[in-house]
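Raw run-v1.csv, CSV, C-alpha atoms:
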chain,number,residue,atom,x,y,z
A,132,MET,CA,1.1,23.0,-20.4
A,133,LYS,CA,-0.5,22.6,-17.0
A,134,ALA,CA,1.9,24.8,-15.3
A,135,LYS,CA,-0.6,27.1,-13.7
A,136,LYS,CA,-1.9,26.2,-10.3
A,137,ASN,CA,-5.1,27.3,-8.7
A,138,GLY,CA,-5.4,28.8,-5.2
A,139,LEU,CA,-6.2,25.4,-3.6
A,140,GLU,CA,-3.0,23.9,-5.1
A,141,TRP,CA,-0.9,26.8,-4.0
A,142,ALA,CA,-2.4,26.5,-0.5
A,143,VAL,CA,-1.6,22.8,-0.4
A,144,PHE,CA,1.9,23.5,-1.6
A,145,ALA,CA,2.5,26.2,1.0
A,146,VAL,CA,1.2,24.0,3.8
A,147,SER,CA,3.2,21.0,2.5
A,148,LEU,CA,6.4,23.1,2.3
A,149,LEU,CA,5.9,24.3,5.9
A,150,ILE,CA,5.3,20.7,7.1
A,151,LEU,CA,8.3,19.4,5.3
A,152,ILE,CA,10.6,22.2,6.5
A,153,GLY,CA,9.2,21.6,10.0
A,154,PHE,CA,10.0,17.9,9.8
A,155,VAL,CA,13.5,18.4,8.4
A,156,GLY,CA,14.1,21.1,10.9
A,157,THR,CA,13.0,18.9,13.7
A,158,LEU,CA,15.3,16.1,12.5
A,159,VAL,CA,18.2,18.3,12.1
A,160,TYR,CA,17.6,19.7,15.6
A,161,LEU,CA,17.3,16.2,17.0
A,162,ALA,CA,20.4,15.1,15.2
A,163,SER,CA,22.5,18.0,16.4
A,164,THR,CA,21.3,17.6,20.1
A,165,ALA,CA,21.4,13.8,20.1
A,166,GLY,CA,24.1,12.4,22.4
A,167,ASP,CA,25.0,8.8,22.6
A,168,ARG,CA,24.5,8.0,26.2
A,169,PRO,CA,23.1,4.5,26.9
A,170,ALA,CA,19.5,4.1,28.0
A,171,ASP,CA,19.0,5.8,31.4
A,172,LEU,CA,15.9,4.3,33.1
A,173,VAL,CA,14.0,5.9,35.9
A,174,VAL,CA,11.1,4.2,37.6
A,175,GLU,CA,8.3,6.3,39.1
A,176,LEU,CA,5.6,4.7,41.2
A,177,GLY,CA,2.1,6.2,41.6
A,178,GLU,CA,-0.6,5.9,44.3
A,179,PRO,CA,-1.9,2.4,44.8
A,180,GLN,CA,-5.5,1.8,43.9
A,181,GLN,CA,-7.7,-1.0,45.3
A,182,MET,CA,-9.0,-3.3,42.6
A,183,SER,CA,-10.8,-6.7,42.7
A,184,ALA,CA,-7.5,-8.6,42.3
A,185,GLY,CA,-5.6,-6.6,44.9
A,186,PHE,CA,-3.8,-3.3,45.0
A,187,ALA,CA,-2.7,-2.0,41.7
A,188,VAL,CA,0.3,0.3,41.6
A,189,PRO,CA,0.9,2.5,38.5
A,190,VAL,CA,4.4,2.2,37.2
A,191,ARG,CA,5.9,4.7,34.9
A,192,VAL,CA,9.3,4.2,33.4
A,193,HIS,CA,11.2,7.0,31.8
A,194,ASN,CA,14.2,6.6,29.5
A,195,ARG,CA,16.3,9.7,29.8
A,196,GLY,CA,19.2,8.3,27.8
A,197,ASP,CA,19.9,8.6,24.1
A,198,ARG,CA,19.5,5.0,23.1
A,199,THR,CA,16.4,2.9,22.9
A,200,ALA,CA,16.1,0.0,25.4
A,201,GLU,CA,14.4,-3.2,24.5
A,202,GLU,CA,12.8,-5.8,26.7
A,203,VAL,CA,13.0,-3.6,29.8
A,204,ARG,CA,12.4,-5.5,33.0
A,205,VAL,CA,11.3,-3.6,36.0
A,206,GLU,CA,11.2,-5.0,39.5
A,207,ILE,CA,8.9,-3.5,42.1
A,208,THR,CA,9.6,-4.5,45.7
A,209,LEU,CA,7.3,-4.2,48.6
A,210,ALA,CA,9.4,-4.1,51.8
A,211,GLN,CA,8.4,-4.3,55.4
A,212,ASP,CA,10.8,-3.3,58.1
A,213,GLY,CA,13.7,-3.4,55.6
A,214,LYS,CA,12.8,-6.9,54.4
A,215,ALA,CA,11.4,-7.7,51.0
A,216,ALA,CA,7.9,-9.0,51.4
A,217,GLN,CA,6.6,-9.2,47.9
A,218,GLU,CA,8.2,-8.7,44.5
A,219,ARG,CA,6.6,-8.1,41.1
A,220,GLU,CA,8.2,-7.9,37.7
A,221,LEU,CA,7.0,-6.0,34.7
A,222,THR,CA,8.4,-6.1,31.1
A,223,PHE,CA,8.2,-3.4,28.5
A,224,PRO,CA,8.9,-4.5,25.0
A,225,PHE,CA,10.4,-1.1,24.0
A,226,LEU,CA,11.4,2.1,25.7
A,227,PRO,CA,12.5,4.6,23.1
A,228,ARG,CA,15.0,7.2,24.0
A,229,ARG,CA,13.6,10.1,25.9
A,230,SER,CA,10.2,8.5,26.2
A,231,GLU,CA,8.1,7.0,28.9
A,232,ARG,CA,5.8,4.0,29.2
A,233,ASP,CA,3.1,3.1,31.7
A,234,GLY,CA,2.1,-0.2,33.4
A,235,PHE,CA,0.7,-1.6,36.6
A,236,VAL,CA,1.8,-4.2,39.2
A,237,VAL,CA,-0.7,-5.8,41.5
A,238,PHE,CA,0.1,-6.7,45.2
A,239,ASP,CA,-2.1,-8.8,47.5
A,240,ARG,CA,-1.8,-6.5,50.4
A,241,ASP,CA,-2.1,-2.8,50.7
A,242,PRO,CA,1.3,-1.3,49.8
A,243,ARG,CA,0.6,1.7,52.0
A,244,CYS,CA,1.6,-0.3,55.0
A,245,CYS,CA,5.1,-0.7,53.8
A,246,GLU,CA,7.8,0.7,51.6
A,247,LEU,CA,7.6,0.5,47.8
A,248,SER,CA,10.6,0.7,45.5
A,249,GLY,CA,11.1,0.1,41.8
A,250,ARG,CA,14.1,-0.2,39.6
A,251,ALA,CA,14.9,-1.3,36.1
A,252,THR,CA,16.9,-4.5,36.4
A,253,ALA,CA,17.8,-5.4,32.8
A,254,TYR,CA,17.3,-4.4,29.2
A,255,GLU,CA,18.6,-5.2,25.7
A,256,GLU,CA,20.0,-2.9,23.1
A,257,PRO,CA,18.1,-3.2,19.9
B,263,MET,CA,-19.4,27.3,-20.6
B,264,ASP,CA,-17.6,24.3,-22.1
B,265,GLU,CA,-15.1,26.5,-23.8
B,266,SER,CA,-14.4,28.5,-20.8
B,267,ALA,CA,-13.9,25.3,-18.9
B,268,SER,CA,-11.4,23.9,-21.3
B,269,SER,CA,-9.5,27.1,-21.7
B,270,ALA,CA,-9.4,27.4,-17.9
B,271,ARG,CA,-7.9,23.9,-17.9
B,272,GLU,CA,-5.1,25.1,-20.2
B,273,ALA,CA,-4.5,27.9,-17.8
B,274,SER,CA,-5.0,26.3,-14.4
B,275,PRO,CA,-7.0,23.3,-13.2
B,276,THR,CA,-10.3,24.0,-11.5
B,277,VAL,CA,-10.7,23.3,-7.8
B,278,ALA,CA,-12.8,20.2,-8.6
B,279,GLU,CA,-10.0,18.8,-10.9
B,280,SER,CA,-7.4,19.4,-8.2
B,281,LEU,CA,-9.6,17.7,-5.6
B,282,ARG,CA,-10.0,14.7,-8.0
B,283,GLU,CA,-6.2,14.6,-8.4
B,284,TYR,CA,-5.7,14.6,-4.6
B,285,GLY,CA,-8.3,11.9,-4.2
B,286,ARG,CA,-6.4,9.7,-6.6
B,287,GLY,CA,-3.2,10.5,-4.8
B,288,LEU,CA,-4.7,9.6,-1.5
B,289,ALA,CA,-5.9,6.2,-2.8
B,290,GLY,CA,-2.5,5.5,-4.3
B,291,GLY,CA,-0.7,6.6,-1.2
B,292,LEU,CA,-2.8,4.3,1.0
B,293,MET,CA,-2.7,1.4,-1.4
B,294,PHE,CA,1.0,1.2,-1.4
B,295,SER,CA,1.7,2.0,2.2
B,296,LEU,CA,-1.1,0.3,4.1
B,297,PRO,CA,1.0,-2.9,4.7
B,298,LEU,CA,3.7,-0.7,6.2
B,299,LEU,CA,1.3,1.3,8.3
B,300,TYR,CA,0.1,-2.0,9.8
B,301,THR,CA,3.6,-3.3,10.5
B,302,MET,CA,5.1,-3.2,14.0
B,303,GLU,CA,8.7,-3.2,12.8
B,304,VAL,CA,8.1,0.0,11.0
B,305,TRP,CA,6.7,1.7,14.0
B,306,TRP,CA,9.8,0.7,15.9
B,307,SER,CA,12.3,1.6,13.2
B,308,GLY,CA,10.9,5.1,13.5
B,309,PHE,CA,12.5,5.4,16.9
B,310,ILE,CA,15.3,3.0,16.7
B,311,ALA,CA,16.8,4.8,13.7
B,312,THR,CA,19.0,7.7,14.5
B,313,PRO,CA,18.0,11.2,13.4
B,314,GLU,CA,20.8,11.2,10.8
B,315,ARG,CA,19.5,8.0,9.3
B,316,LEU,CA,16.0,9.5,9.2
B,317,LEU,CA,17.4,12.6,7.4
B,318,ALA,CA,19.1,10.4,4.8
B,319,TYR,CA,15.8,8.5,4.3
B,320,VAL,CA,13.9,11.8,3.8
B,321,ALA,CA,16.5,12.8,1.2
B,322,LEU,CA,16.3,9.5,-0.6
B,323,VAL,CA,12.5,9.6,-0.8
B,324,PHE,CA,12.6,13.2,-2.1
B,325,VAL,CA,15.1,12.2,-4.8
B,326,LEU,CA,12.8,9.3,-5.8
B,327,LEU,CA,9.8,11.6,-5.9
B,328,LEU,CA,11.7,14.1,-8.1
B,329,GLY,CA,12.7,11.3,-10.4
B,330,TYR,CA,9.3,9.8,-10.6
B,331,ASN,CA,7.6,13.2,-11.2
B,332,ARG,CA,10.2,14.0,-13.8
B,333,TYR,CA,9.9,10.8,-15.8
B,334,ALA,CA,6.4,9.5,-15.3
B,335,GLY,CA,4.5,12.0,-13.2
B,336,MET,CA,1.2,13.8,-13.8
B,337,HIS,CA,2.7,16.5,-15.9
B,338,PRO,CA,5.2,15.1,-18.3
B,339,ASP,CA,6.1,18.5,-19.7
B,340,ALA,CA,6.8,20.1,-16.4
B,341,SER,CA,9.8,22.2,-15.7
B,342,PHE,CA,12.2,21.4,-13.0
B,343,ALA,CA,10.7,24.0,-10.6
B,344,GLU,CA,7.2,22.4,-11.2
B,345,VAL,CA,8.7,18.9,-10.5
B,346,ILE,CA,10.0,20.2,-7.2
B,347,ILE,CA,6.7,21.9,-6.3
B,348,ASP,CA,4.8,18.6,-7.1
B,349,SER,CA,7.3,16.6,-5.0
B,350,VAL,CA,7.0,18.9,-2.0
B,351,GLU,CA,3.2,18.8,-2.2
B,352,GLU,CA,3.2,15.0,-2.4
B,353,TYR,CA,5.6,14.7,0.5
B,354,GLY,CA,3.5,17.1,2.6
B,355,LEU,CA,0.3,15.3,1.8
B,356,GLY,CA,2.1,12.0,2.6
B,357,ILE,CA,3.1,13.2,6.0
B,358,VAL,CA,-0.5,14.4,6.7
B,359,THR,CA,-2.0,11.1,5.5
B,360,ALA,CA,0.5,9.0,7.5
B,361,THR,CA,-0.1,11.0,10.6
B,362,GLY,CA,-3.8,10.7,10.3
B,363,VAL,CA,-3.7,6.9,9.8
B,364,LEU,CA,-1.2,6.3,12.6
B,365,TYR,CA,-3.4,8.4,14.9
B,366,LEU,CA,-6.5,6.4,13.9
B,367,LEU,CA,-4.6,3.2,14.5
B,368,GLY,CA,-3.6,4.5,18.0
B,369,ARG,CA,0.1,4.6,17.2
B,370,ILE,CA,0.7,8.2,18.1
B,371,GLY,CA,-0.2,9.5,21.4
B,372,ALA,CA,0.7,10.6,24.9
B,373,GLY,CA,4.0,9.4,26.5
B,374,GLU,CA,5.9,9.6,23.3
B,375,SER,CA,8.7,12.0,22.7
B,376,LEU,CA,8.8,14.3,19.8
B,377,GLU,CA,11.6,12.2,18.4
B,378,GLU,CA,9.6,8.9,18.6
B,379,MET,CA,6.6,10.5,16.9
B,380,SER,CA,8.5,12.3,14.2
B,381,GLY,CA,10.6,9.2,13.4
B,382,LYS,CA,7.5,7.0,13.1
B,383,ILE,CA,5.7,9.5,10.9
B,384,VAL,CA,8.7,10.2,8.6
B,385,VAL,CA,9.3,6.5,7.9
B,386,GLU,CA,5.7,5.8,7.1
B,387,ALA,CA,5.2,9.1,5.2
B,388,GLY,CA,8.0,8.3,2.7
B,389,ILE,CA,6.1,5.4,1.1
B,390,VAL,CA,2.8,7.2,1.3
B,391,ALA,CA,4.3,10.1,-0.6
B,392,ILE,CA,5.6,7.9,-3.4
B,393,GLY,CA,2.3,6.1,-3.5
B,394,PHE,CA,0.6,9.5,-3.7
B,395,SER,CA,2.7,10.4,-6.7
B,396,VAL,CA,2.0,7.2,-8.4
B,397,GLY,CA,-1.7,7.4,-7.6
B,398,THR,CA,-2.0,10.9,-8.9
B,399,ALA,CA,-0.4,10.0,-12.2
B,400,GLN,CA,-1.6,6.5,-12.8
B,401,LEU,CA,-5.0,6.0,-11.3
B,402,GLY,CA,-6.8,8.6,-13.4
B,403,SER,CA,-9.0,7.5,-16.2
B,404,GLY,CA,-10.4,10.9,-16.9
B,405,GLU,CA,-10.0,13.2,-20.0
B,406,GLU,CA,-7.5,15.4,-18.3
B,407,ASN,CA,-5.1,12.5,-18.3
B,408,GLU,CA,-5.8,11.4,-21.9
B,409,GLU,CA,-4.3,14.5,-23.5
B,410,GLY,CA,-1.3,14.3,-21.4
B,411,GLU,CA,-1.1,10.6,-22.0
B,412,SER,CA,-1.1,10.7,-25.8
B,413,ASP,CA,1.4,13.6,-25.7
B,414,GLY,CA,3.4,11.7,-23.2
B,415,ASN,CA,3.4,8.6,-25.4
B,416,ASP,CA,4.8,10.4,-28.4
B,417,GLU,CA,7.5,12.0,-26.3
B,418,LYS,CA,8.2,8.8,-24.5
B,419,SER,CA,8.7,6.7,-27.6
B,420,ASP,CA,11.4,9.2,-28.5
B,421,GLU,CA,12.7,9.1,-25.0
B,422,ALA,CA,12.2,5.3,-24.7
B,423,ALA,CA,15.9,4.5,-24.8
B,424,GLY,CA,16.5,6.9,-21.9
B,425,PHE,CA,18.7,5.1,-19.4
B,426,GLY,CA,18.1,7.6,-16.5
B,427,ASP,CA,14.4,7.1,-17.1
B,428,HIS,CA,14.7,3.4,-16.7
B,429,VAL,CA,16.9,3.6,-13.6
B,430,VAL,CA,14.7,6.0,-11.8
B,431,LEU,CA,11.4,4.2,-12.5
B,432,ALA,CA,13.0,0.8,-11.6
B,433,ALA,CA,14.3,2.3,-8.4
B,434,CYS,CA,10.8,3.7,-7.5
B,435,GLY,CA,9.1,0.3,-8.3
B,436,ALA,CA,11.7,-1.6,-6.3
B,437,THR,CA,11.3,0.8,-3.3
B,438,LEU,CA,7.5,0.5,-3.3
B,439,PHE,CA,7.7,-3.3,-3.4
B,440,ALA,CA,10.7,-3.9,-1.2
B,441,ALA,CA,9.5,-1.5,1.5
B,442,ASN,CA,6.6,-3.7,2.4
B,443,VAL,CA,8.9,-6.6,3.5
B,444,ALA,CA,12.3,-5.0,4.2
B,445,PRO,CA,11.5,-4.0,7.8
B,446,THR,CA,10.1,-7.4,8.8
B,447,GLU,CA,12.0,-10.0,10.8
B,448,GLU,CA,11.3,-12.6,8.2
B,449,ILE,CA,14.0,-11.3,5.9
B,450,VAL,CA,16.7,-12.0,8.5
B,451,VAL,CA,15.1,-15.4,9.3
B,452,ILE,CA,15.2,-16.5,5.7
B,453,ALA,CA,18.7,-15.1,5.2
B,454,VAL,CA,20.1,-17.0,8.2
B,455,GLU,CA,18.2,-20.3,7.7
B,456,THR,CA,18.4,-20.8,4.0
B,457,VAL,CA,21.2,-22.9,2.6
B,458,PRO,CA,23.5,-21.3,0.0
B,459,MET,CA,22.2,-23.4,-2.9
B,460,ARG,CA,18.7,-22.1,-2.4
B,461,LEU,CA,19.9,-18.5,-2.1
B,462,LEU,CA,21.5,-19.0,-5.5
B,463,GLY,CA,18.2,-20.3,-6.6
B,464,ILE,CA,16.5,-17.1,-5.3
B,465,ALA,CA,19.0,-15.0,-7.2
B,466,ALA,CA,18.5,-17.0,-10.4
B,467,VAL,CA,14.7,-16.8,-10.2
B,468,SER,CA,15.0,-13.1,-9.6
B,469,ILE,CA,17.1,-12.6,-12.7
B,470,ALA,CA,14.9,-14.8,-14.8
B,471,LEU,CA,11.8,-12.9,-13.5
B,472,ALA,CA,13.3,-9.6,-14.6
B,473,ALA,CA,14.1,-10.8,-18.1
B,474,LEU,CA,10.7,-12.5,-18.4
B,475,VAL,CA,8.7,-9.4,-17.4
B,476,LEU,CA,10.8,-6.9,-19.2
B,477,TYR,CA,11.4,-8.7,-22.5
B,478,PHE,CA,9.4,-11.9,-23.0
B,479,SER,CA,5.9,-11.5,-21.7
B,480,ASP,CA,4.5,-8.5,-23.7
B,481,PHE,CA,3.8,-6.8,-20.4
B,482,ALA,CA,1.9,-3.5,-20.6
B,483,GLY,CA,4.3,-0.7,-21.2
B,484,SER,CA,7.3,-2.9,-22.1
B,485,LYS,CA,7.4,-1.4,-25.5
B,486,ARG,CA,8.8,1.8,-24.0
B,487,LEU,CA,11.8,0.1,-22.5
B,488,PRO,CA,15.3,0.8,-23.6
B,489,ARG,CA,15.6,-1.0,-26.9
B,490,ALA,CA,15.6,-4.7,-26.9
B,491,GLY,CA,17.0,-5.5,-30.3
B,492,THR,CA,19.8,-8.0,-29.6
B,493,PRO,CA,20.3,-10.6,-27.0
B,494,PHE,CA,23.0,-8.4,-25.7
B,495,ASP,CA,20.5,-5.6,-24.9
B,496,VAL,CA,18.3,-8.1,-23.1
B,497,VAL,CA,21.2,-9.2,-20.9
B,498,VAL,CA,22.3,-5.6,-20.2
B,499,GLY,CA,18.8,-4.5,-19.4
B,500,THR,CA,18.2,-7.5,-17.1
B,501,VAL,CA,21.5,-7.1,-15.3
B,502,VAL,CA,20.9,-3.4,-14.8
B,503,THR,CA,17.4,-4.1,-13.4
B,504,TYR,CA,18.7,-6.7,-11.0
B,505,GLY,CA,21.5,-4.4,-10.0
B,506,ILE,CA,19.0,-1.6,-9.1
B,507,ALA,CA,16.9,-4.1,-7.2
B,508,LEU,CA,19.9,-5.2,-5.1
B,509,THR,CA,21.0,-1.6,-4.5
B,510,ILE,CA,17.6,-0.5,-3.3
B,511,SER,CA,17.3,-3.7,-1.1
B,512,ALA,CA,20.7,-2.9,0.5
B,513,ILE,CA,19.7,0.8,1.2
B,514,MET,CA,16.3,-0.3,2.7
B,515,LEU,CA,18.0,-3.0,4.9
B,516,TRP,CA,20.6,-0.5,6.1
B,517,PHE,CA,17.9,2.0,6.9
B,518,PHE,CA,15.8,-0.5,8.9
B,519,GLY,CA,19.0,-1.4,10.8
B,520,ARG,CA,19.3,-4.9,9.4
B,521,PHE,CA,23.0,-4.5,8.8
B,522,ASP,CA,23.8,-3.4,12.3
B,523,GLY,CA,26.0,-5.9,14.0
B,524,VAL,CA,25.8,-8.7,11.4
B,525,SER,CA,28.6,-10.2,9.4
B,526,ALA,CA,29.1,-9.2,5.8
B,527,GLY,CA,27.9,-12.7,4.7
B,528,ILE,CA,24.5,-12.4,6.5
B,529,ALA,CA,24.1,-8.9,5.1
B,530,ALA,CA,24.7,-10.2,1.6
B,531,ARG,CA,22.3,-13.0,2.1
B,532,GLN,CA,19.6,-10.6,3.2
B,533,VAL,CA,20.2,-8.4,0.2
B,534,ILE,CA,19.6,-11.5,-2.1
B,535,VAL,CA,16.5,-12.5,-0.1
B,536,LEU,CA,15.0,-9.0,-0.4
B,537,GLY,CA,16.2,-8.7,-4.0
B,538,PHE,CA,13.4,-11.0,-5.0
B,539,PRO,CA,10.4,-8.7,-4.2
B,540,SER,CA,12.6,-5.8,-5.1
B,541,VAL,CA,13.3,-7.1,-8.6
B,542,LEU,CA,9.6,-7.7,-9.1
B,543,GLY,CA,9.0,-4.0,-8.3
B,544,ALA,CA,11.9,-2.9,-10.5
B,545,SER,CA,10.5,-4.9,-13.5
B,546,ALA,CA,6.7,-5.4,-13.3
B,547,GLY,CA,6.2,-2.6,-10.8
B,548,ARG,CA,8.2,-0.3,-12.9
B,549,LEU,CA,6.1,-1.0,-16.0
B,550,LEU,CA,2.9,-0.4,-14.1
B,551,LEU,CA,4.2,2.9,-12.7
B,552,GLN,CA,4.4,4.3,-16.2
B,553,GLN,CA,1.3,3.2,-18.1

Could you write out this file's structure as structure tokens?
Amino acid sequence: MKAKKNGLEWAVFAVSLLILIGFVGTLVYLASTAGDRPADLVVELGEPQQMSAGFAVPVRVHNRGDRTAEEVRVEITLAQDGKAAQERELTFPFLPRRSERDGFVVFDRDPRCCELSGRATAYEEP
Amino acid sequence: MDESASSAREASPTVAESLREYGRGLAGGLMFSLPLLYTMEVWWSGFIATPERLLAYVALVFVLLLGYNRYAGMHPDASFAEVIIDSVEEYGLGIVTATGVLYLLGRIGAGESLEEMSGKIVVEAGIVAIGFSVGTAQLGSGEENEEGESDGNDEKSDEAAGFGDHVVLAACGATLFAANVAPTEEIVVIAVETVPMRLLGIAAVSIALAALVLYFSDFAGSKRLPRAGTPFDVVVGTVVTYGIALTISAIMLWFFGRFDGVSAGIAARQVIVLGFPSVLGASAGRLLLQQ
């Protein structure tokens, strides 16, 4: 009979039990709070930085919805005097619910001269 | 010294012995789960699956762990409480291992929600945990195993005809094998593109394979199978094994979201396609799990 356990094994068991309870607890919490709103995409633009290829603008997309979005296409427009001067597109393969992803778009001219705006234009449901 | 060591073993294993056991578990866990840890579809399924589905998955893995530890685990004479303790331990170690490997592979990090991370880890950890259990019980060559093994053999030849025993081990084997391919896109591609006659062929080969491994090739451990006296027993055993393989395939496909939005026909085709690796696990894998 190898019923008895030594201190190490009891310690491993105790930690494992905590981890397992923690995980199941997290999942139960997530399950109870999860809604079913479609993906809700918010685009946030950072400060442009000058690079060798032009001006790189950091793009961060948040998904505040409850469903995952796939193949998320984001359009960044550089507008001068209300007219679109340059457009860039960025694609994210996956944007899980309540997560964020980062990327960059590069413009030829310094975007600080003009108005920058970004929005998610299309996505798929997995 | 020797005597105290052996009596200590009767009472409780030394720390060194426990560490060796964990080492084997770690090797087993990684061996069975590495393909999954390196598969993109699995990372995604962690956050595509709903929390409810993830909970169902945790429950299924835990049941399989309980079953495996009960019928083929490290301590064949363990009581139910000990089986639960072992299973909890293995699941916990599985989670730690999966987290560590995913971290090293750069799959967990900033910008991810709690949900995304926990989903990914839970999915990967399930197979690591089952591998852990198998590794602990099967990869040992040491003396500590030997006693247990010869005892186990005697007991098992009595228990050999146990039906529950066969079902649980076949399910574990099928899960370990099917899990490696179930999440991949290839299953759907094969299911959609293959003509019905060949699908029938896949099913026929799967069944033949089960019969061959279980009853006609003198595979290691096949003596311990439910009795194979008459052709009728062979047919029943083979059909049951294939049935388990198909059931596990269906559960895995459902979990990885392969049934979402597809027609019943395509779903059935996928089950048959996955049934092939699955039946290999339920027959050959099953025998290896219980050496």

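With only C-alpha atoms as the atoms that count, the minimum distance from chain A to the choices B:Thr301, B:Ser375, B:Ser349, B:Ser295 is reached by B:Ser375.
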
> Within 10 Å of region 468-484 of chain B, counting only C-alpha atoms, which residues qualify if same-chain residues fewer than 2 places away don't, as a VMD selection string?
Replying inline: chain B and resid 422 462 to 466 486 to 490 495 to 505 507 534 to 535 537 to 553

Mind running chain B against chain A at 9 Å and telling me each contacting residue's nearest atom pair with the distance in Å (one decimal), counting all atoms listed in the file, chain and number ascending, as a tab-separated table?
residue	atom	partner	partner_atom	distance
B:Arg271	CA	A:Lys133	CA	7.6
B:Glu272	CA	A:Lys133	CA	6.1
B:Ala273	CA	A:Lys135	CA	5.7
B:Ser274	CA	A:Lys135	CA	4.5
B:Pro275	CA	A:Asn137	CA	6.3
B:Thr276	CA	A:Asn137	CA	6.8
B:Val277	CA	A:Leu139	CA	6.5
B:Ser280	CA	A:Glu140	CA	7.0
B:Leu281	CA	A:Leu139	CA	8.7
B:Trp306	CA	A:Phe225	CA	8.3
B:Phe309	CA	A:Pro227	CA	6.3
B:Ile310	CA	A:Thr199	CA	6.3
B:Thr312	CA	A:Ala162	CA	7.6
B:Pro313	CA	A:Ala162	CA	4.9
B:Glu314	CA	A:Ala162	CA	5.9
B:Leu316	CA	A:Leu158	CA	7.4
B:Leu317	CA	A:Leu158	CA	6.5
B:Val320	CA	A:Val155	CA	8.1
B:His337	CA	A:Lys133	CA	7.0
B:Asp339	CA	A:Met132	CA	6.8
B:Ala340	CA	A:Ala134	CA	6.9
B:Ser341	CA	A:Ala134	CA	8.3
B:Glu344	CA	A:Ala134	CA	7.1
B:Ile347	CA	A:Phe144	CA	6.9
B:Asp348	CA	A:Phe144	CA	7.9
B:Val350	CA	A:Leu148	CA	6.0
B:Glu351	CA	A:Phe144	CA	4.9
B:Glu352	CA	A:Ser147	CA	7.7
B:Tyr353	CA	A:Ser147	CA	7.0
B:Gly354	CA	A:Ser147	CA	3.9
B:Leu355	CA	A:Ser147	CA	6.4
B:Ile357	CA	A:Ile150	CA	7.9
B:Val358	CA	A:Ile150	CA	8.6
B:Gly373	CA	A:Glu231	CA	5.3
B:Glu374	CA	A:Ser230	CA	5.3
B:Ser375	CA	A:Ser230	CA	5.2
B:Leu376	CA	A:Thr157	CA	8.7
B:Glu377	CA	A:Leu161	CA	7.1
B:Glu378	CA	A:Pro227	CA	6.9
B:Ser380	CA	A:Phe154	CA	7.3
B:Gly381	CA	A:Leu158	CA	8.4
B:Val384	CA	A:Phe154	CA	7.9

>> Can you tell me which residues surround Leu172 (chain A) at a distance of at most 8 Å, considering only C-alpha atoms, apart from same-chain residues fewer than 4 positions away, and format the answer as a PyMOL selection string?
In response: chain A and resi 192-196+251

Once 3 Å is added on each side, what are the centre and the three edge lengths, in Å to one decimal, of the axis-aligned box enclosing the listed atoms of region 396-400 of chain B? Present them as JSON.
{"center_x": 0.0, "center_y": 8.7, "center_z": -10.2, "size_x": 10.0, "size_y": 10.4, "size_z": 11.2}

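The spacing separating CA of Phe294 (chain B) from CA of Glu201 (chain A) amounts to 29.5 Å.
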
>> Just to confirm, what's the straight-line distance from CA of Ile510 (chain B) to CA of Ala530 (chain B) in Å (one decimal)?
In response: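 Rounded to one decimal, the two atoms are 13.0 Å apart.
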
> What is the distance, in Å and to one decimal place, between CA of Gly388 (chain B) and CA of Tyr319 (chain B)?
Replying inline: 8.0 Å

>> If we count all atoms listed in the file and set the cut-off at 8 Å, which residues sit around Glu206 (chain A), ignoring sequence neighbours fewer than 5 positions away in its own chain? Please answer as a VMD selection string.
In response: chain A and resid 218 to 221 249 to 252
